[in-house]
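Novice: One file is attached below, query.txt, containing compact mmCIF, C-alpha atoms.
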```txt
# COMPACT_ATOMS: atom_id res chain seq x y z
CA MET G 1166 0.00 0.00 0.00
CA PRO G 1167 2.68 2.53 -0.84
CA GLY G 1168 1.93 6.20 -1.12
CA ALA G 1169 2.32 7.80 -4.51
CA PRO G 1170 4.66 10.74 -5.14
CA ASP G 1171 1.64 13.01 -5.59
CA GLY G 1172 0.49 12.22 -2.04
CA TYR G 1173 -2.47 10.05 -3.00
CA ARG G 1174 -2.70 6.67 -1.38
CA ILE G 1175 -2.31 3.57 -3.55
CA GLU G 1176 -4.04 0.42 -2.33
CA CYS G 1177 -3.87 -3.12 -3.63
CA ASP G 1178 -7.00 -4.87 -4.89
CA ASP G 1179 -7.21 -7.02 -1.74
CA CYS G 1180 -7.18 -3.93 0.49
CA LEU G 1181 -9.88 -2.29 -1.60
CA LYS G 1182 -12.09 -5.42 -1.34
CA ALA G 1183 -11.54 -5.95 2.38
CA PRO G 1184 -10.17 -2.90 4.21
CA ARG G 1185 -7.39 -3.78 6.62
CA PRO G 1186 -7.56 -3.02 10.36
CA TRP G 1187 -4.23 -1.20 10.15
CA GLN G 1188 -3.33 2.29 9.00
CA ASP G 1189 -0.62 1.37 6.51
CA GLY G 1190 1.83 -1.39 5.71
CA ARG G 1191 4.90 -2.37 3.75
CA ALA G 1192 6.97 -5.41 2.83
CA ALA G 1193 10.65 -5.33 1.94
CA LEU G 1194 10.59 -8.24 -0.51
CA LEU G 1195 8.31 -10.32 -2.69
CA TYR G 1196 8.09 -13.88 -1.41
CA GLN G 1197 9.58 -15.60 -4.42
CA GLY G 1198 12.93 -16.84 -5.69
CA ARG G 1199 15.92 -15.95 -3.51
CA ALA G 1200 13.80 -13.87 -1.16
CA LYS G 1201 11.65 -16.92 -0.43
CA ALA G 1202 14.76 -19.01 0.18
CA LEU G 1203 16.06 -16.36 2.58
CA VAL G 1204 12.79 -16.24 4.54
CA LEU G 1205 12.61 -20.03 4.75
CA ALA G 1206 16.23 -20.18 5.95
CA LEU G 1207 15.41 -17.67 8.69
CA LYS G 1208 12.14 -19.36 9.61
CA HIS G 1209 12.98 -23.07 9.40
CA GLY G 1210 16.69 -23.31 8.60
CA ASP G 1211 18.09 -22.10 11.92
CA ARG G 1212 19.68 -19.07 10.25
CA ALA G 1213 18.94 -16.44 12.88
CA GLU G 1214 21.90 -14.33 11.68
CA LEU G 1215 19.82 -13.38 8.62
CA ALA G 1216 17.51 -11.26 10.80
CA ARG G 1217 19.96 -8.37 11.06
CA PRO G 1218 20.39 -7.62 7.32
CA ALA G 1219 16.70 -8.41 6.76
CA ALA G 1220 15.74 -5.79 9.35
CA ARG G 1221 17.84 -3.20 7.50
CA TRP G 1222 15.88 -3.89 4.31
CA MET G 1223 12.66 -3.62 6.30
CA VAL G 1224 13.69 -0.24 7.70
CA GLN G 1225 14.31 1.01 4.16
CA ALA G 1226 10.95 -0.31 2.95
CA GLY G 1227 9.03 1.00 5.95
CA ARG G 1228 10.80 4.26 6.63
CA ASP G 1229 7.65 6.32 6.03
CA LEU G 1230 5.71 4.22 8.57
CA LEU G 1231 8.04 4.94 11.49
CA ARG G 1232 6.86 7.45 14.08
CA PRO G 1233 8.52 8.86 17.21
CA GLY G 1234 7.43 6.92 20.28
CA MET G 1235 6.13 4.01 18.22
CA LEU G 1236 6.12 0.59 19.87
CA ILE G 1237 7.38 -2.38 17.82
CA ALA G 1238 5.75 -5.77 18.44
CA PRO G 1239 6.29 -9.08 16.65
CA VAL G 1240 3.60 -11.50 15.59
CA PRO G 1241 3.65 -14.15 18.35
CA LEU G 1242 4.25 -17.88 18.08
CA HIS G 1243 2.42 -20.38 20.26
CA TRP G 1244 4.77 -21.67 22.97
CA THR G 1245 4.77 -25.19 21.50
CA ARG G 1246 5.93 -23.90 18.12
CA LEU G 1247 8.48 -21.66 19.84
CA ILE G 1248 9.99 -24.68 21.60
CA ARG G 1249 10.27 -26.57 18.30
CA ARG G 1250 11.83 -23.64 16.39
CA ARG G 1251 13.86 -22.34 19.37
CA TYR G 1252 13.18 -18.73 18.36
CA ASN G 1253 10.47 -16.52 16.92
CA GLN G 1254 11.78 -15.18 13.61
CA SER G 1255 9.38 -12.21 13.79
CA ALA G 1256 10.72 -11.35 17.25
CA LEU G 1257 14.29 -11.45 15.91
CA LEU G 1258 13.30 -9.10 13.09
CA ALA G 1259 11.56 -6.80 15.59
CA GLN G 1260 14.61 -6.71 17.88
CA HIS G 1261 16.88 -5.73 14.98
CA LEU G 1262 14.33 -3.15 13.78
CA GLY G 1263 14.43 -1.63 17.25
CA ARG G 1264 18.21 -1.44 17.15
CA GLU G 1265 18.18 0.11 13.67
CA THR G 1266 15.50 2.71 14.48
CA GLY G 1267 15.95 3.37 18.19
CA LEU G 1268 12.28 2.54 18.75
CA THR G 1269 11.10 0.48 21.72
CA VAL G 1270 10.41 -3.22 21.13
CA CYS G 1271 8.02 -5.26 23.26
CA PRO G 1272 8.67 -8.89 22.19
CA ASP G 1273 5.84 -10.29 24.29
CA LEU G 1274 3.20 -7.60 23.77
CA LEU G 1275 1.02 -10.18 22.04
CA ILE G 1276 0.57 -13.85 22.89
CA ARG G 1277 -0.81 -16.71 20.87
CA THR G 1278 -3.34 -18.27 23.22
CA MET G 1279 -4.26 -21.21 21.00
CA ARG G 1280 -2.13 -23.53 18.96
CA THR G 1281 -3.30 -23.09 15.40
CA PRO G 1282 -2.57 -25.41 12.48
CA VAL G 1283 -0.13 -24.36 9.78
CA LEU G 1284 -1.96 -21.91 7.53
CA ASP G 1285 -0.26 -22.87 4.25
CA GLY G 1286 -2.80 -23.74 1.59
CA LYS G 1287 -5.74 -22.15 3.39
CA THR G 1288 -7.88 -19.42 1.86
CA ALA G 1289 -7.98 -15.94 3.40
CA ALA G 1290 -11.37 -16.73 4.98
CA GLU G 1291 -10.08 -20.03 6.41
CA ARG G 1292 -7.01 -18.26 7.80
CA SER G 1293 -9.17 -15.61 9.42
CA ASP G 1294 -11.48 -18.23 10.96
CA THR G 1295 -8.51 -20.23 12.24
CA LEU G 1296 -7.05 -17.16 13.94
CA ALA G 1297 -10.29 -15.97 15.56
CA ASN G 1298 -9.53 -15.64 19.29
CA ALA G 1299 -6.03 -17.15 18.87
CA ILE G 1300 -4.14 -13.95 19.69
CA SER G 1301 -4.46 -11.68 22.68
CA VAL G 1302 -2.54 -8.94 24.45
CA HIS G 1303 -0.25 -9.97 27.28
CA PRO G 1304 -2.17 -8.73 30.35
CA LYS G 1305 0.99 -7.25 31.93
CA ARG G 1306 1.94 -5.40 28.72
CA ARG G 1307 -1.41 -3.87 27.70
CA HIS G 1308 -0.53 -0.51 29.27
CA ARG G 1309 2.55 -0.19 27.02
CA MET G 1310 0.47 0.32 23.88
CA GLN G 1311 -2.34 2.52 25.15
CA GLY G 1312 -2.45 5.72 23.11
CA ARG G 1313 0.67 4.75 21.14
CA ASP G 1314 1.26 3.88 17.52
CA VAL G 1315 2.19 0.21 17.12
CA LEU G 1316 4.28 -1.37 14.38
CA LEU G 1317 3.46 -5.07 13.96
CA VAL G 1318 6.30 -7.13 12.50
CA ASP G 1319 6.05 -10.44 10.64
CA ASP G 1320 8.29 -12.46 8.40
CA VAL G 1321 5.76 -13.19 5.64
CA MET G 1322 2.38 -11.68 4.84
CA THR G 1323 0.20 -14.02 2.80
CA SER G 1324 -3.44 -13.04 3.18
CA GLY G 1325 -2.91 -10.61 6.05
CA ALA G 1326 -5.10 -12.67 8.41
CA THR G 1327 -2.46 -13.03 11.13
CA LEU G 1328 -1.54 -9.35 11.05
CA ALA G 1329 -5.24 -8.44 11.02
CA ALA G 1330 -5.88 -10.56 14.13
CA CYS G 1331 -2.94 -8.84 15.86
CA ALA G 1332 -4.10 -5.39 14.75
CA ARG G 1333 -7.62 -5.96 16.06
CA VAL G 1334 -6.45 -6.92 19.55
CA CYS G 1335 -4.06 -3.94 19.62
CA ARG G 1336 -6.86 -1.58 18.63
CA ALA G 1337 -9.22 -3.11 21.21
CA SER G 1338 -6.52 -2.63 23.86
CA GLY G 1339 -6.15 1.09 23.27
CA ALA G 1340 -3.40 1.40 20.65
CA ASN G 1341 -3.53 4.54 18.53
CA HIS G 1342 -2.58 3.77 14.91
CA ILE G 1343 -1.49 0.31 13.82
CA PHE G 1344 1.10 -0.19 11.06
CA VAL G 1345 2.47 -3.45 9.67
CA LEU G 1346 5.89 -4.29 8.30
CA ALA G 1347 6.77 -7.68 6.82
CA LEU G 1348 10.02 -8.97 5.49
CA ALA G 1349 8.21 -10.48 2.49
CA ARG G 1350 4.80 -10.36 0.85
CA VAL G 1351 3.26 -13.18 -1.14
CA ALA G 1352 2.36 -11.87 -4.58
CA LYS G 1353 -1.12 -12.71 -5.82
CA ASP G 1354 -1.42 -14.58 -9.11
CA THR G 1355 -3.30 -12.52 -11.65
```
Translate this structure into structure tokens?
Specialist:
Amino acid sequence: MPGAPDGYRIECDDCLKAPRPWQDGRAALLYQGRAKALVLALKHGDRAELARPAARWMVQAGRDLLRPGMLIAPVPLHWTRLIRRRYNQSALLAQHLGRETGLTVCPDLLIRTMRTPVLDGKTAAERSDTLANAISVHPKRRHRMQGRDVLLVDDVMTSGATLAACARVCRASGANHIFVLALARVAKDT
């Protein structure tokens, strides 16, 4: 959803059909080719060192989203998935974004309260249904977002269902504007 040089907002077809519960969003890469390989290496290949350069690309892509006092929060993993992977790739990206921008990061602002199945192959509606009530705000962190802009960070945006679920709970918990920044975005076939 980049802004045009003339100041008018440009929105993708998906955003026009189903408005997103966030103010604005960006992705640094298209999820294809080498970018896809990089994301998969970070996510499943135990290549945590890739988060630092990836965060730099994300800062470049999302520079116009960043606001003073903004709180950065990663999309959460369920604790069982976190144990299997040993780290949350979105949290690593968020930590490096914080270092690059000087903005505050709250790695456990959101929690995944239910273990959800892998969303690969599901439609946008199925993804949304699967994530209903699966994400909530950490009760001891809710105060950190009240009245603040929040930047949600994820590794890959497919349909936007996960980021939408996160944005809705942030909004319901008193966040000001919600922005999203992903390392990669799945391109729709036309």
Novice: Write out as a PyMOL selection string the residues lying within 6 Å of region 1249-1264 of chain G, counting all atoms listed in the file and excluding same-chain residues fewer than 5 positions away.
Specialist: chain G and resi 1208+1216-1217+1220+1239+1269-1270+1272+1319-1320
Novice: Could those selected residues go to a file with C-alpha atoms, as an mmCIF file, in the coordinates of the input?
Specialist:
```cif
data_model
loop_
_atom_site.group_PDB
_atom_site.id
_atom_site.type_symbol
_atom_site.label_atom_id
_atom_site.label_comp_id
_atom_site.auth_asym_id
_atom_site.auth_seq_id
_atom_site.Cartn_x
_atom_site.Cartn_y
_atom_site.Cartn_z
ATOM 1 C CA LYS G 1208 12.140 -19.360 9.610
ATOM 2 C CA ALA G 1216 17.510 -11.260 10.800
ATOM 3 C CA ARG G 1217 19.960 -8.370 11.060
ATOM 4 C CA ALA G 1220 15.740 -5.790 9.350
ATOM 5 C CA PRO G 1239 6.290 -9.080 16.650
ATOM 6 C CA THR G 1269 11.100 0.480 21.720
ATOM 7 C CA VAL G 1270 10.410 -3.220 21.130
ATOM 8 C CA PRO G 1272 8.670 -8.890 22.190
ATOM 9 C CA ASP G 1319 6.050 -10.440 10.640
ATOM 10 C CA ASP G 1320 8.290 -12.460 8.400
#
```
Novice: Which one is closest to Asp1285 (chain G): G:Val1321, G:Asp1273, G:Leu1268, G:Ala1193? Count only C-alpha atoms.
Specialist: G:Val1321
Novice: Write out as number ranges by chain the residues lying within 7 Å of region 1341-1352 of chain G, counting all atoms listed in the file and excluding same-chain residues fewer than 6 positions away.
Specialist: G: 1187-1196, 1219, 1223, 1227, 1230, 1312-1323, 1332
Novice: So how many Å separate CA of Arg1212 (chain G) and CA of Gly1267 (chain G), to one decimal?
Specialist: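 Between these atoms lies a distance of 24.1 Å.
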Novice: Which of these residues is nearest to Val1283 (chain G), using all atoms listed in the file: G:Ala1329, G:Leu1296, G:Leu1236, G:Ala1337?
Specialist: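 The shortest atom-to-atom distance to Val1283 (chain G) comes from G:Leu1296.
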Novice: Excluding same-chain residues fewer than 3 positions from Thr1288 (chain G), what lies within 8 Å of it counting only C-alpha atoms, as a PDB file with C-alpha atoms, keeping the file's coordinate frame?
Specialist:
```
ATOM      1  CA  GLU G1291     -10.080 -20.030   6.410  1.00  0.00           C
ATOM      2  CA  ARG G1292      -7.010 -18.260   7.800  1.00  0.00           C
ATOM      3  CA  SER G1324      -3.440 -13.040   3.180  1.00  0.00           C
TER       4      SER G1324
END
```
Novice: What gap, in Å, lies between CA of Trp1244 (chain G) and CA of Arg1280 (chain G)?
Specialist: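 Going from CA of Trp1244 (chain G) over to CA of Arg1280 (chain G) covers 8.2 Å.
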Novice: Would you mind reading off the distance between CA of Arg1333 (chain G) and CA of Ala1200 (chain G), one decimal, in Å?
Specialist: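 Computing the Euclidean distance for CA of Arg1333 (chain G) and CA of Ala1200 (chain G) yields 28.6 Å.
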Novice: List the spatial neighbours of Val1302 (chain G) as a ChimeraX atom specification - criterion: any atom at most 10 Å away, all atoms listed in the file, same-chain residues fewer than 3 positions off excluded.
Specialist: /G:1273-1278,1305-1308,1310,1331,1334-1335,1337-1338
Novice: Please report, as AutoDock Vina command-line options, the centre and edge lengths in Å to one decimal of an axis-aligned box covering all listed atoms of region 1302-1306 of chain G with 4 Å per side.
Specialist:
```
--center_x -0.3 --center_y -7.7 --center_z 28.2 --size_x 12.5 --size_y 12.6 --size_z 15.5
```
Novice: From the list G:Gly1325, G:Pro1218, G:Ala1340, G:Leu1205, which residue is nearest Ala1290 (chain G) when using all atoms listed in the file?
Specialist: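 Residue with the minimum atom-to-atom distance to Ala1290 (chain G): G:Gly1325.
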Novice: With all atoms listed in the file as the basis for distance, which of G:Ala1202, G:Leu1247, G:Thr1281, G:Cys1271 is at the shortest distance from His1303 (chain G)?
Specialist: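 Residue with the minimum atom-to-atom distance to His1303 (chain G): G:Cys1271.
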Novice: G:Leu1328, G:Ala1206, G:Lys1287, G:Thr1266: which is nearest Leu1231 (chain G), counting only C-alpha atoms?
Specialist: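 Closest residue, counting only C-alpha atoms: G:Thr1266.
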